[in-house]
>>> print(open('final24.cif').read())   # mmCIF, N, CA and C atoms
data_work
loop_
_atom_site.label_atom_id
_atom_site.label_comp_id
_atom_site.auth_asym_id
_atom_site.auth_seq_id
_atom_site.Cartn_x
_atom_site.Cartn_y
_atom_site.Cartn_z
N LEU A 1 100.07 102.55 93.60
CA LEU A 1 98.74 103.06 93.87
C LEU A 1 98.71 104.58 93.76
N LEU A 2 99.65 105.22 94.42
CA LEU A 2 99.69 106.68 94.38
C LEU A 2 99.97 107.19 92.97
N GLU A 3 100.84 106.50 92.26
CA GLU A 3 101.17 106.90 90.89
C GLU A 3 99.91 106.89 90.02
N HIS A 4 99.08 105.86 90.17
CA HIS A 4 97.85 105.77 89.38
C HIS A 4 96.82 106.82 89.82
N TYR A 5 96.78 107.11 91.10
CA TYR A 5 95.87 108.13 91.61
C TYR A 5 96.24 109.49 91.02
N VAL A 6 97.54 109.80 90.97
CA VAL A 6 98.01 111.07 90.38
C VAL A 6 97.69 111.10 88.88
N ALA A 7 97.94 109.99 88.18
CA ALA A 7 97.68 109.93 86.74
C ALA A 7 96.19 110.13 86.45
N ALA A 8 95.33 109.50 87.24
CA ALA A 8 93.89 109.67 87.05
C ALA A 8 93.47 111.11 87.29
N SER A 9 94.02 111.72 88.33
CA SER A 9 93.70 113.12 88.63
C SER A 9 94.15 114.03 87.50
N ALA A 10 95.34 113.80 86.97
CA ALA A 10 95.85 114.59 85.86
C ALA A 10 94.98 114.42 84.62
N SER A 11 94.48 113.19 84.40
CA SER A 11 93.63 112.94 83.23
C SER A 11 92.29 113.65 83.34
N LEU A 12 91.94 114.07 84.54
CA LEU A 12 90.68 114.80 84.76
C LEU A 12 90.86 116.30 84.60
N GLY A 13 92.09 116.73 84.27
CA GLY A 13 92.32 118.13 83.99
C GLY A 13 93.14 118.87 85.04
N PHE A 14 93.49 118.19 86.11
CA PHE A 14 94.36 118.82 87.10
C PHE A 14 95.77 118.91 86.54
N SER A 15 96.47 119.99 86.87
CA SER A 15 97.88 120.07 86.51
C SER A 15 98.63 119.00 87.30
N GLU A 16 99.86 118.72 86.91
CA GLU A 16 100.65 117.72 87.63
C GLU A 16 100.79 118.08 89.10
N GLU A 17 101.05 119.34 89.38
CA GLU A 17 101.20 119.79 90.78
C GLU A 17 99.87 119.72 91.52
N GLU A 18 98.78 120.14 90.87
CA GLU A 18 97.46 120.03 91.50
C GLU A 18 97.11 118.57 91.79
N ALA A 19 97.38 117.70 90.84
CA ALA A 19 97.10 116.28 91.02
C ALA A 19 97.90 115.74 92.21
N LYS A 20 99.16 116.11 92.28
CA LYS A 20 100.00 115.67 93.40
C LYS A 20 99.41 116.13 94.73
N GLN A 21 98.98 117.39 94.78
CA GLN A 21 98.43 117.93 96.02
C GLN A 21 97.10 117.28 96.39
N VAL A 22 96.25 117.02 95.40
CA VAL A 22 94.97 116.35 95.67
C VAL A 22 95.24 114.99 96.30
N VAL A 23 96.13 114.24 95.71
CA VAL A 23 96.44 112.90 96.20
C VAL A 23 97.11 112.97 97.57
N LEU A 24 98.08 113.83 97.70
CA LEU A 24 98.80 113.97 98.96
C LEU A 24 97.85 114.33 100.10
N GLN A 25 97.00 115.34 99.88
CA GLN A 25 96.09 115.77 100.93
C GLN A 25 95.03 114.70 101.24
N THR A 26 94.58 114.00 100.21
CA THR A 26 93.60 112.93 100.43
C THR A 26 94.20 111.85 101.32
N PHE A 27 95.39 111.39 101.00
CA PHE A 27 96.00 110.31 101.77
C PHE A 27 96.45 110.78 103.15
N LEU A 28 97.02 111.99 103.24
CA LEU A 28 97.41 112.50 104.55
C LEU A 28 96.20 112.65 105.46
N GLY A 29 95.11 113.18 104.92
CA GLY A 29 93.89 113.34 105.70
C GLY A 29 93.34 112.00 106.16
N THR A 30 93.36 111.03 105.27
CA THR A 30 92.88 109.69 105.61
C THR A 30 93.73 109.07 106.71
N LEU A 31 95.04 109.16 106.57
CA LEU A 31 95.94 108.59 107.58
C LEU A 31 95.80 109.29 108.93
N GLU A 32 95.64 110.60 108.90
CA GLU A 32 95.48 111.36 110.14
C GLU A 32 94.18 110.97 110.84
N LEU A 33 93.10 110.86 110.07
CA LEU A 33 91.81 110.44 110.63
C LEU A 33 91.93 109.06 111.26
N TRP A 34 92.55 108.14 110.55
CA TRP A 34 92.72 106.77 111.06
C TRP A 34 93.59 106.77 112.31
N ASN A 35 94.66 107.54 112.31
CA ASN A 35 95.57 107.60 113.45
C ASN A 35 94.89 108.12 114.71
N ARG A 36 93.98 109.07 114.55
CA ARG A 36 93.32 109.69 115.70
C ARG A 36 92.05 108.95 116.14
N SER A 37 91.61 108.02 115.34
CA SER A 37 90.33 107.36 115.60
C SER A 37 90.50 106.05 116.34
N LYS A 38 89.46 105.69 117.07
CA LYS A 38 89.41 104.39 117.71
C LYS A 38 88.59 103.41 116.87
N HIS A 39 88.10 103.89 115.73
CA HIS A 39 87.27 103.06 114.85
C HIS A 39 88.15 102.25 113.89
N SER A 40 87.59 101.15 113.41
CA SER A 40 88.28 100.35 112.40
C SER A 40 88.24 101.09 111.06
N LEU A 41 89.07 100.64 110.14
CA LEU A 41 89.05 101.24 108.80
C LEU A 41 87.68 101.06 108.15
N ALA A 42 87.07 99.90 108.33
CA ALA A 42 85.74 99.67 107.76
C ALA A 42 84.71 100.65 108.32
N GLU A 43 84.77 100.89 109.62
CA GLU A 43 83.84 101.85 110.24
C GLU A 43 84.08 103.26 109.71
N LEU A 44 85.33 103.64 109.58
CA LEU A 44 85.64 104.97 109.05
C LEU A 44 85.15 105.11 107.61
N ARG A 45 85.37 104.07 106.80
CA ARG A 45 84.90 104.09 105.42
C ARG A 45 83.38 104.27 105.38
N GLU A 46 82.69 103.54 106.22
CA GLU A 46 81.22 103.65 106.26
C GLU A 46 80.80 105.06 106.66
N GLN A 47 81.52 105.68 107.58
CA GLN A 47 81.18 107.03 108.05
C GLN A 47 81.34 108.08 106.97
N VAL A 48 82.30 107.90 106.06
CA VAL A 48 82.54 108.92 105.04
C VAL A 48 81.88 108.60 103.70
N THR A 49 81.18 107.45 103.62
CA THR A 49 80.56 107.05 102.37
C THR A 49 79.08 107.40 102.39
N SER A 50 78.72 108.44 101.64
CA SER A 50 77.31 108.84 101.54
C SER A 50 76.62 108.01 100.47
N PRO A 51 75.40 107.54 100.74
CA PRO A 51 74.66 106.79 99.72
C PRO A 51 74.52 107.63 98.44
N GLY A 52 74.93 107.05 97.33
CA GLY A 52 74.84 107.74 96.05
C GLY A 52 75.93 108.78 95.82
N GLY A 53 76.90 108.84 96.73
CA GLY A 53 77.95 109.86 96.63
C GLY A 53 79.16 109.41 95.85
N THR A 54 80.14 110.28 95.84
CA THR A 54 81.35 110.04 95.05
C THR A 54 82.18 108.88 95.58
N THR A 55 82.31 108.80 96.90
CA THR A 55 83.08 107.70 97.49
C THR A 55 82.42 106.37 97.18
N GLU A 56 81.10 106.32 97.30
CA GLU A 56 80.38 105.09 96.99
C GLU A 56 80.57 104.68 95.53
N ALA A 57 80.56 105.65 94.64
CA ALA A 57 80.75 105.34 93.21
C ALA A 57 82.13 104.75 92.96
N GLY A 58 83.14 105.34 93.55
CA GLY A 58 84.49 104.82 93.39
C GLY A 58 84.65 103.44 94.02
N LEU A 59 84.11 103.27 95.22
CA LEU A 59 84.21 101.98 95.89
C LEU A 59 83.50 100.88 95.11
N GLU A 60 82.37 101.19 94.54
CA GLU A 60 81.64 100.19 93.76
C GLU A 60 82.46 99.74 92.54
N HIS A 61 83.11 100.69 91.90
CA HIS A 61 83.97 100.33 90.77
C HIS A 61 85.13 99.45 91.24
N PHE A 62 85.74 99.83 92.36
CA PHE A 62 86.84 99.03 92.89
C PHE A 62 86.38 97.61 93.22
N ARG A 63 85.18 97.49 93.82
CA ARG A 63 84.65 96.16 94.15
C ARG A 63 84.43 95.33 92.88
N SER A 64 83.81 95.94 91.89
CA SER A 64 83.48 95.19 90.67
C SER A 64 84.73 94.78 89.90
N SER A 65 85.79 95.53 90.04
CA SER A 65 87.04 95.17 89.35
C SER A 65 87.97 94.36 90.26
N GLN A 66 87.50 94.03 91.45
CA GLN A 66 88.25 93.22 92.42
C GLN A 66 89.60 93.83 92.78
N LEU A 67 89.64 95.16 92.89
CA LEU A 67 90.88 95.84 93.23
C LEU A 67 91.44 95.38 94.57
N GLY A 68 90.57 95.22 95.57
CA GLY A 68 91.02 94.80 96.89
C GLY A 68 91.74 93.47 96.85
N SER A 69 91.15 92.50 96.17
CA SER A 69 91.78 91.17 96.06
C SER A 69 93.10 91.26 95.31
N SER A 70 93.14 92.08 94.28
CA SER A 70 94.37 92.23 93.51
C SER A 70 95.47 92.85 94.36
N LEU A 71 95.13 93.87 95.15
CA LEU A 71 96.13 94.48 96.04
C LEU A 71 96.64 93.46 97.06
N GLU A 72 95.72 92.71 97.65
CA GLU A 72 96.12 91.71 98.64
C GLU A 72 97.02 90.65 98.01
N ASP A 73 96.68 90.21 96.81
CA ASP A 73 97.52 89.23 96.10
C ASP A 73 98.91 89.79 95.84
N GLY A 74 99.00 91.05 95.44
CA GLY A 74 100.30 91.68 95.18
C GLY A 74 101.14 91.77 96.43
N ILE A 75 100.51 92.10 97.55
CA ILE A 75 101.25 92.19 98.82
C ILE A 75 101.76 90.81 99.22
N ARG A 76 100.92 89.79 99.06
CA ARG A 76 101.36 88.43 99.38
C ARG A 76 102.50 87.98 98.46
N ALA A 77 102.43 88.34 97.18
CA ALA A 77 103.49 87.97 96.24
C ALA A 77 104.81 88.64 96.63
N ALA A 78 104.75 89.91 97.00
CA ALA A 78 105.97 90.63 97.41
C ALA A 78 106.53 90.02 98.70
N PHE A 79 105.66 89.67 99.62
CA PHE A 79 106.09 89.05 100.87
C PHE A 79 106.77 87.71 100.59
N GLN A 80 106.14 86.90 99.75
CA GLN A 80 106.72 85.60 99.42
C GLN A 80 108.08 85.76 98.75
N ARG A 81 108.18 86.76 97.86
CA ARG A 81 109.45 87.01 97.19
C ARG A 81 110.51 87.41 98.20
N SER A 82 110.15 88.18 99.21
CA SER A 82 111.13 88.57 100.24
C SER A 82 111.62 87.34 101.00
N ILE A 83 110.74 86.39 101.24
CA ILE A 83 111.14 85.14 101.89
C ILE A 83 112.10 84.37 100.99
N ASP A 84 111.73 84.26 99.71
CA ASP A 84 112.58 83.55 98.75
C ASP A 84 113.96 84.19 98.65
N LEU A 85 114.02 85.50 98.59
CA LEU A 85 115.31 86.19 98.49
C LEU A 85 116.12 85.99 99.75
N GLY A 86 115.46 85.94 100.90
CA GLY A 86 116.15 85.73 102.16
C GLY A 86 116.78 84.36 102.27
N LYS A 87 116.23 83.38 101.57
CA LYS A 87 116.76 82.02 101.59
C LYS A 87 118.02 81.88 100.75
N ARG A 88 118.28 82.84 99.87
CA ARG A 88 119.44 82.78 98.99
C ARG A 88 120.75 83.01 99.72
N LYS A 89 120.71 83.62 100.87
CA LYS A 89 121.95 84.01 101.57
C LYS A 89 122.69 82.86 102.13
#
>>> encode(input="final24.cif", output="structure tokens")
Amino acid sequence: LLEHYVAASASLGFSEEEAKQVVLQTFLGTLELWNRSKHSLAELREQVTSPGGTTEAGLEHFRSSQLGSSLEDGIRAAFQRSIDLGKRK
């Protein structure tokens, strides 16, 4: 996920270092906000998503491409593989 975020940022004209910093600061800020908050992730997302704004545009694209389902499927596949590998011992 982070690798693709950096690649997308670089494709928009950011240098490799700038892209790294954009991604790093975005994720660190998000994690810090979540860590300090009593709100759910959904509530936090709603709070930072302005109607017609940049976050909404990105989220809509992610929804239409079913990114969330794909990520969840990948996590389940990795988990299942860890179980399978554990049975080999």
>>> atom_distance(input="final24.cif", atom1="atom N of Ala19 of chain A", atom2="atom CA of Val6 of chain A")
6.7 Å
>>> axis_aligned_box(input="final24.cif", around="segment 35-47 of chain A", padding_each_side="3 Å", output="AutoDock Vina command-line options")
--center_x 88.2 --center_y 104.7 --center_z 111.5 --size_x 20.8 --size_y 16.0 --size_z 18.3
>>> atom_distance(input="final24.cif", atom1="atom N of Ala42 of chain A", atom2="atom CA of Thr30 of chain A")
11.7 Å
>>> select_by_dssp(input="final24.cif", residues="chain A", states="helix (DSSP H, G or I)", output="number ranges by chain")
A: 2-11, 16-36, 41-48, 54-64, 67-87
>>> atom_distance(input="final24.cif", atom1="atom C of Asp73 of chain A", atom2="atom N of Leu85 of chain A")
15.9 Å
>>> residues_around(input="final24.cif", residues="Ser9 of chain A", least_positions_apart="4", cutoff="8 Å", atoms="all atoms listed in the file", output="ChimeraX atom specification")
/A:3-5,13-16,18-20,22-23
>>> decode(input="final24.cif", residues="segment 45-80 of chain A", atoms="N, CA and C atoms", output="short mmCIF file (atom, residue, chain, number, x, y, z; two decimals), in the first residue's frame")
data_model
loop_
_atom_site.label_atom_id
_atom_site.label_comp_id
_atom_site.auth_asym_id
_atom_site.auth_seq_id
_atom_site.Cartn_x
_atom_site.Cartn_y
_atom_site.Cartn_z
N ARG A 45 -12.94 9.37 9.58
CA ARG A 45 -12.98 9.56 8.13
C ARG A 45 -14.07 10.56 7.76
N GLU A 46 -15.22 10.42 8.36
CA GLU A 46 -16.32 11.35 8.08
C GLU A 46 -15.95 12.78 8.47
N GLN A 47 -15.24 12.93 9.57
CA GLN A 47 -14.85 14.26 10.06
C GLN A 47 -13.87 14.96 9.12
N VAL A 48 -13.02 14.20 8.44
CA VAL A 48 -12.00 14.82 7.58
C VAL A 48 -12.41 14.84 6.11
N THR A 49 -13.59 14.30 5.79
CA THR A 49 -14.03 14.23 4.40
C THR A 49 -14.99 15.36 4.11
N SER A 50 -14.52 16.36 3.38
CA SER A 50 -15.37 17.49 2.98
C SER A 50 -16.15 17.12 1.73
N PRO A 51 -17.44 17.46 1.68
CA PRO A 51 -18.21 17.20 0.46
C PRO A 51 -17.56 17.87 -0.75
N GLY A 52 -17.31 17.08 -1.78
CA GLY A 52 -16.69 17.61 -2.99
C GLY A 52 -15.19 17.82 -2.88
N GLY A 53 -14.60 17.38 -1.78
CA GLY A 53 -13.17 17.61 -1.55
C GLY A 53 -12.29 16.50 -2.08
N THR A 54 -11.01 16.65 -1.80
CA THR A 54 -10.02 15.71 -2.31
C THR A 54 -10.14 14.32 -1.69
N THR A 55 -10.39 14.28 -0.38
CA THR A 55 -10.54 12.98 0.29
C THR A 55 -11.75 12.25 -0.27
N GLU A 56 -12.85 12.97 -0.45
CA GLU A 56 -14.05 12.35 -1.01
C GLU A 56 -13.80 11.80 -2.41
N ALA A 57 -13.05 12.54 -3.21
CA ALA A 57 -12.75 12.08 -4.58
C ALA A 57 -11.94 10.78 -4.55
N GLY A 58 -10.94 10.74 -3.70
CA GLY A 58 -10.13 9.53 -3.58
C GLY A 58 -10.93 8.36 -3.04
N LEU A 59 -11.73 8.61 -2.02
CA LEU A 59 -12.55 7.54 -1.44
C LEU A 59 -13.55 6.99 -2.44
N GLU A 60 -14.14 7.85 -3.23
CA GLU A 60 -15.11 7.39 -4.23
C GLU A 60 -14.43 6.47 -5.25
N HIS A 61 -13.23 6.83 -5.66
CA HIS A 61 -12.50 5.97 -6.59
C HIS A 61 -12.19 4.62 -5.93
N PHE A 62 -11.75 4.66 -4.68
CA PHE A 62 -11.46 3.41 -3.97
C PHE A 62 -12.71 2.54 -3.86
N ARG A 63 -13.86 3.17 -3.56
CA ARG A 63 -15.11 2.40 -3.46
C ARG A 63 -15.47 1.76 -4.80
N SER A 64 -15.38 2.55 -5.86
CA SER A 64 -15.79 2.03 -7.18
C SER A 64 -14.85 0.93 -7.67
N SER A 65 -13.63 0.94 -7.24
CA SER A 65 -12.69 -0.12 -7.65
C SER A 65 -12.62 -1.24 -6.61
N GLN A 66 -13.45 -1.16 -5.59
CA GLN A 66 -13.55 -2.17 -4.54
C GLN A 66 -12.21 -2.43 -3.84
N LEU A 67 -11.46 -1.35 -3.62
CA LEU A 67 -10.16 -1.47 -2.95
C LEU A 67 -10.30 -2.08 -1.56
N GLY A 68 -11.30 -1.64 -0.81
CA GLY A 68 -11.48 -2.15 0.55
C GLY A 68 -11.66 -3.65 0.58
N SER A 69 -12.53 -4.16 -0.29
CA SER A 69 -12.76 -5.61 -0.35
C SER A 69 -11.50 -6.34 -0.77
N SER A 70 -10.76 -5.77 -1.70
CA SER A 70 -9.53 -6.40 -2.16
C SER A 70 -8.50 -6.46 -1.04
N LEU A 71 -8.37 -5.38 -0.27
CA LEU A 71 -7.44 -5.39 0.87
C LEU A 71 -7.86 -6.43 1.90
N GLU A 72 -9.14 -6.48 2.21
CA GLU A 72 -9.62 -7.46 3.18
C GLU A 72 -9.37 -8.88 2.70
N ASP A 73 -9.61 -9.14 1.42
CA ASP A 73 -9.35 -10.47 0.85
C ASP A 73 -7.87 -10.83 0.96
N GLY A 74 -6.99 -9.87 0.68
CA GLY A 74 -5.55 -10.11 0.77
C GLY A 74 -5.12 -10.43 2.19
N ILE A 75 -5.68 -9.72 3.16
CA ILE A 75 -5.35 -9.98 4.56
C ILE A 75 -5.81 -11.37 4.97
N ARG A 76 -7.02 -11.74 4.54
CA ARG A 76 -7.52 -13.08 4.85
C ARG A 76 -6.66 -14.16 4.19
N ALA A 77 -6.23 -13.92 2.96
CA ALA A 77 -5.38 -14.89 2.25
C ALA A 77 -4.05 -15.07 2.98
N ALA A 78 -3.46 -13.97 3.43
CA ALA A 78 -2.19 -14.05 4.16
C ALA A 78 -2.38 -14.78 5.49
N PHE A 79 -3.48 -14.49 6.15
CA PHE A 79 -3.78 -15.17 7.42
C PHE A 79 -3.94 -16.67 7.21
N GLN A 80 -4.71 -17.03 6.19
CA GLN A 80 -4.92 -18.45 5.90
C GLN A 80 -3.59 -19.14 5.57
#
